[in-house]
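The file my_file17.cif contains mmCIF, C-alpha atoms:
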data_query
#
loop_
_atom_site.label_atom_id
_atom_site.label_comp_id
_atom_site.auth_asym_id
_atom_site.auth_seq_id
_atom_site.Cartn_x
_atom_site.Cartn_y
_atom_site.Cartn_z
CA MET A 1 0.00 0.00 0.00
CA THR A 2 1.36 3.37 -0.97
CA LEU A 3 -1.11 5.24 1.22
CA ALA A 4 -0.67 5.63 4.93
CA PRO A 5 -3.92 4.55 6.62
CA THR A 6 -4.36 8.05 8.12
CA GLY A 7 -4.15 9.65 4.67
CA LEU A 8 -6.64 7.15 3.37
CA TRP A 9 -9.02 7.83 6.27
CA ILE A 10 -8.84 11.57 5.60
CA SER A 11 -9.50 11.06 1.88
CA ILE A 12 -12.53 8.89 2.65
CA ALA A 13 -13.82 11.40 5.23
CA VAL A 14 -13.52 14.32 2.79
CA LEU A 15 -15.33 12.40 0.06
CA ALA A 16 -18.06 11.28 2.48
CA LEU A 17 -18.63 14.74 3.98
CA GLY A 18 -18.55 16.46 0.59
CA THR A 19 -21.01 13.98 -0.91
CA PHE A 20 -23.37 14.30 2.05
CA GLY A 21 -23.01 18.09 1.82
CA PHE A 22 -24.18 18.16 -1.81
CA ARG A 23 -27.19 15.97 -1.03
CA PHE A 24 -28.17 17.77 2.15
CA ALA A 25 -27.77 21.23 0.59
CA GLY A 26 -30.03 20.20 -2.29
CA VAL A 27 -32.67 18.68 -0.01
CA THR A 28 -32.62 21.70 2.31
CA LEU A 29 -32.61 24.46 -0.31
CA ARG A 30 -35.04 22.76 -2.74
CA SER A 31 -37.69 25.23 -3.88
CA ARG A 32 -35.62 28.27 -2.92
CA ILE A 33 -33.38 27.96 -5.96
CA THR A 34 -33.80 26.64 -9.46
CA LEU A 35 -30.93 25.70 -11.72
CA SER A 36 -30.98 26.49 -15.41
CA PRO A 37 -31.25 23.53 -17.80
CA GLN A 38 -27.75 24.37 -19.05
CA VAL A 39 -26.26 23.98 -15.58
CA LEU A 40 -28.10 20.67 -15.04
CA GLN A 41 -26.94 19.43 -18.42
CA GLY A 42 -23.38 20.48 -17.55
CA LEU A 43 -23.42 18.58 -14.25
CA THR A 44 -24.72 15.42 -15.92
CA ALA A 45 -22.22 15.70 -18.75
CA ALA A 46 -19.30 16.18 -16.34
CA SER A 47 -20.17 12.93 -14.53
CA VAL A 48 -20.57 11.05 -17.78
CA ILE A 49 -17.23 12.33 -19.12
CA LEU A 50 -15.36 11.41 -15.93
CA LEU A 51 -16.86 7.92 -15.90
CA MET A 52 -16.18 7.40 -19.60
CA ALA A 53 -12.55 8.46 -19.07
CA LEU A 54 -12.33 5.95 -16.23
CA VAL A 55 -13.88 3.20 -18.38
CA ALA A 56 -11.40 3.94 -21.19
CA THR A 57 -8.28 4.01 -19.03
CA ALA A 58 -9.33 1.08 -16.84
CA THR A 59 -10.00 -1.00 -19.97
CA ILE A 60 -6.80 -0.26 -21.86
CA PHE A 61 -4.18 0.42 -19.20
CA GLU A 62 -2.74 -1.28 -16.18
CA GLY A 63 -0.65 1.52 -14.72
CA GLN A 64 1.04 2.88 -17.84
CA ALA A 65 1.27 -0.46 -19.64
CA PHE A 66 -1.25 -2.13 -21.98
CA ALA A 67 -3.69 -4.16 -19.88
CA GLY A 68 -3.76 -7.04 -22.37
CA ALA A 69 -6.14 -8.34 -25.03
CA SER A 70 -8.21 -10.48 -22.67
CA ARG A 71 -9.42 -7.56 -20.53
CA VAL A 72 -10.16 -5.39 -23.58
CA THR A 73 -12.13 -8.23 -25.21
CA GLY A 74 -14.06 -8.94 -22.00
CA VAL A 75 -15.07 -5.29 -21.59
CA ALA A 76 -16.04 -5.08 -25.27
CA VAL A 77 -18.30 -8.14 -24.94
CA GLY A 78 -19.87 -6.68 -21.78
CA GLY A 79 -20.36 -3.33 -23.53
CA VAL A 80 -22.10 -4.87 -26.54
CA LEU A 81 -24.39 -6.90 -24.25
CA ALA A 82 -25.24 -3.77 -22.22
CA TRP A 83 -25.96 -1.91 -25.44
CA ARG A 84 -28.29 -4.73 -26.51
CA ARG A 85 -30.04 -4.22 -23.16
CA ALA A 86 -28.95 -7.51 -21.64
CA PRO A 87 -29.65 -7.77 -17.90
CA PHE A 88 -27.01 -6.27 -15.69
CA VAL A 89 -26.03 -9.62 -14.19
CA VAL A 90 -25.36 -11.03 -17.67
CA VAL A 91 -23.14 -8.04 -18.57
CA VAL A 92 -20.98 -8.46 -15.47
CA LEU A 93 -20.66 -12.24 -15.71
CA ALA A 94 -19.92 -12.14 -19.46
CA ALA A 95 -17.19 -9.51 -19.12
CA ALA A 96 -15.48 -11.35 -16.28
CA GLY A 97 -16.06 -14.78 -17.81
CA VAL A 98 -14.67 -13.93 -21.25
CA THR A 99 -11.59 -12.33 -19.71
CA ALA A 100 -10.99 -15.20 -17.30
CA GLY A 101 -11.47 -17.73 -20.13
CA LEU A 102 -9.05 -15.96 -22.46
CA ARG A 103 -6.46 -15.77 -19.68
CA TRP A 104 -6.95 -19.45 -18.92
CA CYS A 105 -6.23 -20.10 -22.61
CA GLY A 106 -3.01 -18.16 -22.32
CA VAL A 107 -4.07 -14.86 -23.93
CA GLY A 108 -2.33 -11.88 -22.28
CA MET B 1 -34.54 -6.62 -9.21
CA ILE B 2 -32.63 -3.36 -8.94
CA CYS B 3 -31.68 -4.48 -5.45
CA LEU B 4 -30.14 -7.70 -6.78
CA ALA B 5 -28.26 -5.79 -9.47
CA ASP B 6 -26.93 -3.32 -6.91
CA ALA B 7 -25.88 -6.12 -4.58
CA LEU B 8 -23.97 -7.70 -7.46
CA VAL B 9 -22.26 -4.43 -8.38
CA GLY B 10 -21.50 -3.97 -4.69
CA ALA B 11 -19.96 -7.42 -4.51
CA SER B 12 -17.75 -6.73 -7.52
CA PHE B 13 -16.83 -3.36 -6.00
CA GLY B 14 -15.81 -5.09 -2.75
CA ALA B 15 -13.82 -7.78 -4.53
CA ILE B 16 -12.11 -5.31 -6.88
CA SER B 17 -11.12 -3.00 -4.01
CA VAL B 18 -9.55 -5.88 -2.13
CA GLY B 19 -7.92 -7.03 -5.38
CA ASN B 20 -6.42 -3.52 -5.76
CA GLY B 21 -4.64 -4.07 -2.46
CA PHE B 22 -6.99 -2.28 -0.04
CA GLY B 23 -7.91 -3.89 3.26
CA ILE B 24 -11.43 -5.26 3.69
CA TRP B 25 -12.53 -2.27 5.75
CA VAL B 26 -11.81 0.27 2.97
CA PRO B 27 -14.63 -0.73 0.57
CA VAL B 28 -16.94 -1.49 3.50
CA VAL B 29 -16.47 1.89 5.22
CA LEU B 30 -16.60 3.75 1.88
CA SER B 31 -19.90 2.12 1.04
CA VAL B 32 -21.51 3.00 4.37
CA VAL B 33 -20.29 6.60 4.66
CA VAL B 34 -20.15 7.71 1.01
CA PHE B 35 -22.87 5.46 -0.49
CA ALA B 36 -22.47 6.58 -4.10
CA GLY B 37 -21.35 3.72 -6.33
CA ALA B 38 -19.70 5.49 -9.26
CA SER B 39 -17.61 7.74 -7.02
CA GLN B 40 -16.55 4.74 -4.94
CA PHE B 41 -15.29 2.93 -8.05
CA LEU B 42 -13.43 6.07 -9.08
CA PHE B 43 -11.99 6.44 -5.60
CA VAL B 44 -10.55 2.93 -5.29
CA ALA B 45 -9.24 3.11 -8.86
CA LEU B 46 -7.34 6.33 -8.21
CA ALA B 47 -6.61 6.48 -4.46
CA MET B 48 -3.55 4.22 -4.52
CA GLY B 49 -1.67 6.40 -6.98
CA ASN B 50 -3.13 9.82 -6.33
CA PRO B 51 -5.49 10.27 -3.34
CA ILE B 52 -6.13 13.97 -4.04
CA ALA B 53 -7.25 13.24 -7.60
CA ALA B 54 -9.37 10.41 -6.18
CA VAL B 55 -11.22 12.73 -3.79
CA LEU B 56 -11.59 15.50 -6.41
CA ALA B 57 -12.93 13.15 -9.07
CA GLY B 58 -15.29 11.53 -6.55
CA LEU B 59 -16.66 14.90 -5.44
CA LEU B 60 -17.06 16.10 -9.04
CA ILE B 61 -19.11 13.02 -9.84
CA ASN B 62 -21.30 13.50 -6.78
CA VAL B 63 -22.12 17.17 -7.44
CA ARG B 64 -25.08 15.83 -9.41
CA HIS B 65 -26.71 14.85 -6.11
CA PHE B 66 -27.22 18.55 -5.37
CA PRO B 67 -29.82 19.05 -8.14
CA PHE B 68 -31.25 15.61 -7.28
CA GLY B 69 -31.72 16.88 -3.74
CA LEU B 70 -33.52 19.95 -5.07
CA ALA B 71 -35.81 17.66 -7.05
CA VAL B 72 -36.79 15.29 -4.24
CA GLY B 73 -36.59 17.73 -1.32
CA ASP B 74 -40.39 17.91 -1.11
CA VAL B 75 -40.65 14.13 -1.15
CA ILE B 76 -38.26 13.79 1.78
CA GLY B 77 -40.09 16.39 3.85
CA ASN B 78 -39.09 18.56 6.78
CA GLY B 79 -37.51 17.72 10.10
CA LEU B 80 -33.79 17.39 10.59
CA THR B 81 -33.72 13.60 11.09
CA ARG B 82 -35.75 12.99 7.93
CA ARG B 83 -33.57 15.33 5.93
CA VAL B 84 -30.32 13.83 7.21
CA ILE B 85 -31.33 10.20 6.59
CA GLY B 86 -33.14 11.08 3.36
CA SER B 87 -30.07 12.91 2.07
CA HIS B 88 -27.83 9.97 2.81
CA VAL B 89 -30.01 7.44 0.94
CA LEU B 90 -30.44 9.82 -2.01
CA THR B 91 -28.99 8.12 -5.08
CA ASP B 92 -29.55 8.12 -8.83
CA GLU B 93 -31.93 5.22 -8.38
CA SER B 94 -34.00 6.49 -5.44
CA THR B 95 -34.37 9.88 -7.15
CA ALA B 96 -35.48 8.27 -10.40
CA PHE B 97 -37.95 5.95 -8.64
CA ALA B 98 -39.47 8.80 -6.64
CA LEU B 99 -39.86 11.12 -9.63
CA ALA B 100 -41.43 8.32 -11.70
CA GLN B 101 -44.47 8.26 -9.37
CA ALA B 102 -47.44 10.53 -9.89
CA ASP B 103 -48.90 11.42 -6.48
CA PRO B 104 -47.00 12.63 -3.40
CA ALA B 105 -47.79 9.61 -1.19
CA GLN B 106 -46.50 7.19 -3.83
CA ARG B 107 -43.43 9.33 -4.32
CA ARG B 108 -42.65 9.18 -0.61
CA ARG B 109 -43.09 5.41 -0.53
CA ALA B 110 -40.96 4.93 -3.64
CA PHE B 111 -38.17 7.17 -2.37
CA TRP B 112 -37.87 5.67 1.11
CA GLY B 113 -38.46 2.10 -0.06
CA SER B 114 -35.84 2.19 -2.79
CA GLY B 115 -33.44 4.42 -0.84
CA VAL B 116 -33.31 2.25 2.29
CA GLY B 117 -33.60 -1.00 0.29
CA ILE B 118 -30.67 -0.13 -1.95
CA PHE B 119 -28.61 1.02 1.04
CA VAL B 120 -29.03 -2.41 2.64
CA CYS B 121 -28.46 -4.43 -0.56
CA TRP B 122 -25.47 -2.39 -1.63
CA ASN B 123 -23.69 -2.69 1.71
CA VAL B 124 -24.44 -6.40 2.11
CA GLY B 125 -23.09 -6.93 -1.42
CA VAL B 126 -19.93 -4.95 -0.74
CA LEU B 127 -19.30 -6.82 2.52
CA ALA B 128 -19.75 -10.19 0.81
CA GLY B 129 -17.55 -9.16 -2.13
CA ALA B 130 -14.79 -7.81 0.10
CA PHE B 131 -14.70 -10.98 2.19
CA GLY B 132 -14.99 -13.24 -0.85
CA GLY B 133 -12.31 -11.28 -2.70
CA SER B 134 -9.90 -11.61 0.20
CA TYR B 135 -9.98 -15.43 -0.22
CA VAL B 136 -9.11 -15.20 -3.91
CA PRO B 137 -5.34 -14.88 -4.24
CA ASP B 138 -5.49 -13.19 -7.66
CA THR B 139 -8.80 -11.57 -8.70
CA ASP B 140 -7.39 -11.18 -12.23
CA THR B 141 -7.80 -14.92 -12.86
CA LEU B 142 -11.55 -14.38 -12.36
CA GLY B 143 -11.54 -11.49 -14.83
CA LEU B 144 -12.84 -9.03 -12.23
CA ASP B 145 -10.61 -6.32 -13.68
CA ALA B 146 -12.81 -6.50 -16.80
CA ALA B 147 -16.05 -6.58 -14.80
CA PHE B 148 -15.28 -3.13 -13.38
CA PRO B 149 -15.18 -1.12 -16.64
CA ALA B 150 -18.06 -3.20 -17.99
CA VAL B 151 -20.18 -2.29 -14.94
CA LEU B 152 -19.42 1.41 -15.38
CA LEU B 153 -20.16 1.24 -19.09
CA ALA B 154 -23.53 -0.39 -18.40
CA ILE B 155 -24.34 2.36 -15.88
CA LEU B 156 -23.27 5.02 -18.40
CA LEU B 157 -25.04 3.84 -21.53
CA PRO B 158 -28.46 5.47 -20.88
CA SER B 159 -26.80 8.89 -20.49
CA LEU B 160 -25.03 8.44 -23.83
CA ARG B 161 -28.32 8.72 -25.74
CA HIS B 162 -27.92 12.49 -25.54
CA ALA B 163 -25.85 13.31 -28.65
CA ALA B 164 -23.78 16.21 -27.31
CA THR B 165 -23.02 14.35 -24.08
CA ARG B 166 -22.00 11.28 -26.09
CA THR B 167 -19.58 13.28 -28.23
CA ALA B 168 -18.06 14.91 -25.16
CA ALA B 169 -17.75 11.56 -23.38
CA VAL B 170 -15.98 9.94 -26.34
CA VAL B 171 -13.59 12.88 -26.73
CA GLY B 172 -13.00 12.89 -22.96
CA GLY B 173 -12.20 9.18 -23.07
CA LEU B 174 -9.72 9.75 -25.89
CA ILE B 175 -8.09 12.62 -23.98
CA ALA B 176 -7.69 10.36 -20.94
CA LEU B 177 -6.16 7.58 -23.05
CA ALA B 178 -3.79 9.94 -24.83
CA THR B 179 -2.59 11.51 -21.59
CA ALA B 180 -2.42 8.25 -19.59
CA LEU B 181 1.08 7.56 -20.89
CA VAL B 182 2.52 10.87 -19.74
CA LEU B 183 0.50 12.10 -16.75
CA PRO B 184 0.71 10.60 -13.26
CA ALA B 185 -2.09 8.26 -12.10
CA GLY B 186 -5.47 9.89 -11.58
CA LEU B 187 -4.84 13.02 -13.62
CA PRO B 188 -5.87 11.64 -17.04
CA VAL B 189 -9.40 11.09 -15.73
CA LEU B 190 -9.60 14.68 -14.45
CA VAL B 191 -8.07 16.11 -17.64
CA SER B 192 -10.88 14.46 -19.63
CA LEU B 193 -13.15 17.26 -18.37
CA ALA B 194 -11.51 19.44 -21.04
CA ALA B 195 -14.18 17.89 -23.28
CA LEU B 196 -17.02 19.42 -21.22
CA PRO B 197 -17.57 22.44 -23.52
CA LEU B 198 -18.47 19.97 -26.29
CA ALA B 199 -21.43 18.81 -24.20
CA LEU B 200 -22.65 22.38 -23.72
CA ARG B 201 -22.11 23.53 -27.29
CA THR B 202 -25.64 22.80 -28.43
CA ARG B 203 -28.80 23.59 -26.52
CA PRO B 204 -30.01 20.67 -24.41
CA GLU B 205 -32.41 18.74 -26.61
CA ARG B 206 -34.49 17.22 -23.88
CA ALA B 207 -34.14 16.33 -20.26
CA HIS B 208 -33.15 12.71 -19.83
CA GLY B 209 -32.28 10.24 -17.15
#
How would this structure read if it were set down as structure tokens?
Amino acid sequence: MTLAPTGLWISIAVLALGTFGFRFAGVTLRSRITLSPQVLQGLTAASVILLMALVATATIFEGQAFAGASRVTGVAVGGVLAWRRAPFVVVVLAAAGVTAGLRWCGVG
Amino acid sequence: MICLADALVGASFGAISVGNGFGIWVPVVLSVVVFAGASQFLFVALAMGNPIAAVLAGLLINVRHFPFGLAVGDVIGNGLTRRVIGSHVLTDESTAFALAQADPAQRRRAFWGSGVGIFVCWNVGVLAGAFGGSYVPDTDTLGLDAAFPAVLLAILLPSLRHAATRTAAVVGGLIALATALVLPAGLPVLVSLAALPLALRTRPERAHG
């Protein structure tokens, strides 16, 4: 572990308090303010972009090296199934299963 | 059904966190005190290399709960205890379920039922996954490293129907990939936000979600 447990605790506490703060502020302020559609759209888009960036890097890279064909193939299969509206459970099991199978066969 | 799906995602979250080298208590505590799946995945993916980027990215993702709070504030009601507990169980799912109902009483039932239900399922799933994962010497042999991006992708897909958001997300993903070779861990994901103006370029076509 590169993180001292105290540092990790602090990081978790900041994330937890910040997240609760957003929720509680929204619930408490409610009708007193209204956000423009542009701002709402921006907030949604920012989350989607961050998650997509995480999907892309977590699929392709392990650290700064290529993660290997088996992981990329597994994620691709899961993605196609999700796009075809397969149940969530199927998506997860297929992605993991394909990757595990390819590795078992000796694919990197 | 959604409860089962969340428990499964929770279990993979627990197992993946342990596989990343975190102790069992890290995913378990995160899930109880943060209780926001996407930000938790981001956090455990980034915290090892760059804890500050992990917290920043997690907070940025959770800003969306502010407008969600505005939307379901009336459903949650007054009183400090109600607002505190209601805020904590406010998620994408509980907000969506509440807003899908027509009359106020149904909205209240939907919000509290799904909010508390998902809180229980999610945390039970994470606990099971973290314990299970700690018995597996190498989670990579099970392909769990592929389950993680696949889970996120499945969560993301409905939001990608919006054309401008989709373009921005793809460009953001490419930015992250291009910078992953040169920037330290965690930063490529944050830098992807450079694509945000693309999402705002056109007028929002229609509210979605």
Exercise. Return the neighbours of chain A among the residues of chain B, cut-off 6 Å, counting all atoms listed in the file, as a PyMOL selection string.
Key: chain B and resi 33-34+55+61-62+64-67+69-70+73+87+141-144+146-147+149-150+154+165+169+172-173+176-177+181+189
For the provided coordinates, the residues matched by the PyMOL selection byres ((chain B and resi 53) around 9) should be stated as an mmCIF file with C-alpha atoms, in the coordinates of the input.
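The new file part.cif reads:
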data_model
loop_
_atom_site.group_PDB
_atom_site.id
_atom_site.type_symbol
_atom_site.label_atom_id
_atom_site.label_comp_id
_atom_site.auth_asym_id
_atom_site.auth_seq_id
_atom_site.Cartn_x
_atom_site.Cartn_y
_atom_site.Cartn_z
ATOM 1 C CA PHE B 43 -11.990 6.440 -5.600
ATOM 2 C CA LEU B 46 -7.340 6.330 -8.210
ATOM 3 C CA ALA B 47 -6.610 6.480 -4.460
ATOM 4 C CA GLY B 49 -1.670 6.400 -6.980
ATOM 5 C CA ASN B 50 -3.130 9.820 -6.330
ATOM 6 C CA PRO B 51 -5.490 10.270 -3.340
ATOM 7 C CA ILE B 52 -6.130 13.970 -4.040
ATOM 8 C CA ALA B 54 -9.370 10.410 -6.180
ATOM 9 C CA VAL B 55 -11.220 12.730 -3.790
ATOM 10 C CA LEU B 56 -11.590 15.500 -6.410
ATOM 11 C CA ALA B 57 -12.930 13.150 -9.070
ATOM 12 C CA GLY B 58 -15.290 11.530 -6.550
ATOM 13 C CA ALA B 185 -2.090 8.260 -12.100
ATOM 14 C CA GLY B 186 -5.470 9.890 -11.580
ATOM 15 C CA LEU B 187 -4.840 13.020 -13.620
ATOM 16 C CA VAL B 189 -9.400 11.090 -15.730
ATOM 17 C CA LEU B 190 -9.600 14.680 -14.450
#
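One distance worth recording is that between CA of Val32 in chain B and CA of Gly133 in chain B, which is 18.4 Å.
For the atom pair formed by CA of Ser134 in chain B and CA of Gly23 in chain B, the distance is 8.5 Å, given to one decimal.
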Exercise. Could you give me, as a count of residues only, the residues that sit within 8 Å of (-19.2, -3.8, -3.4) in the file's coordinates, counting all atoms listed in the file?
Key: 20
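Using the PyMOL selection byres ((chain B and resi 116-121) around 8) on the file at hand returns these residues: Ile2, Cys3, Leu4, Asp6, Ala7, Phe35, Val89, Trp112, Gly113, Ser114, Gly115, Trp122, Asn123, Val124 and Gly125 of chain B.
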Quiz item: How far is it from CA of Leu160 in chain B to CA of Phe41 in chain B, in Å with one decimal?
Solution: 19.3 Å
Taking the file as shown, find all residues satisfying the PyMOL selection byres ((chain B and resi 92) around 10) and write them as a PDB file with C-alpha atoms, keeping the file's coordinate frame.
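Here's the written file part.pdb:
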ATOM      1  CA  ALA B  36     -22.470   6.580  -4.100  1.00  0.00           C
ATOM      2  CA  GLY B  37     -21.350   3.720  -6.330  1.00  0.00           C
ATOM      3  CA  ARG B  64     -25.080  15.830  -9.410  1.00  0.00           C
ATOM      4  CA  HIS B  65     -26.710  14.850  -6.110  1.00  0.00           C
ATOM      5  CA  PHE B  68     -31.250  15.610  -7.280  1.00  0.00           C
ATOM      6  CA  VAL B  89     -30.010   7.440   0.940  1.00  0.00           C
ATOM      7  CA  LEU B  90     -30.440   9.820  -2.010  1.00  0.00           C
ATOM      8  CA  THR B  91     -28.990   8.120  -5.080  1.00  0.00           C
ATOM      9  CA  GLU B  93     -31.930   5.220  -8.380  1.00  0.00           C
ATOM     10  CA  SER B  94     -34.000   6.490  -5.440  1.00  0.00           C
ATOM     11  CA  THR B  95     -34.370   9.880  -7.150  1.00  0.00           C
ATOM     12  CA  ALA B  96     -35.480   8.270 -10.400  1.00  0.00           C
ATOM     13  CA  PHE B  97     -37.950   5.950  -8.640  1.00  0.00           C
ATOM     14  CA  GLY B 115     -33.440   4.420  -0.840  1.00  0.00           C
ATOM     15  CA  GLY B 209     -32.280  10.240 -17.150  1.00  0.00           C
TER      16      GLY B 209
END
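Around Ile76 in chain B, within 7 Å and counting all atoms listed in the file, the residues found are Val72, Arg82, Arg83, Gly86 and Arg108 of chain B, once anything fewer than 4 positions away on its own chain is removed.
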What are the centre and edge lengths in Å, to one decimal, of the axis-aligned box around all listed atoms of range 153-165 of chain B with 5 Å added on each side, as JSON?
{"center_x": -24.3, "center_y": 7.9, "center_z": -22.3, "size_x": 18.3, "size_y": 26.6, "size_z": 22.8}
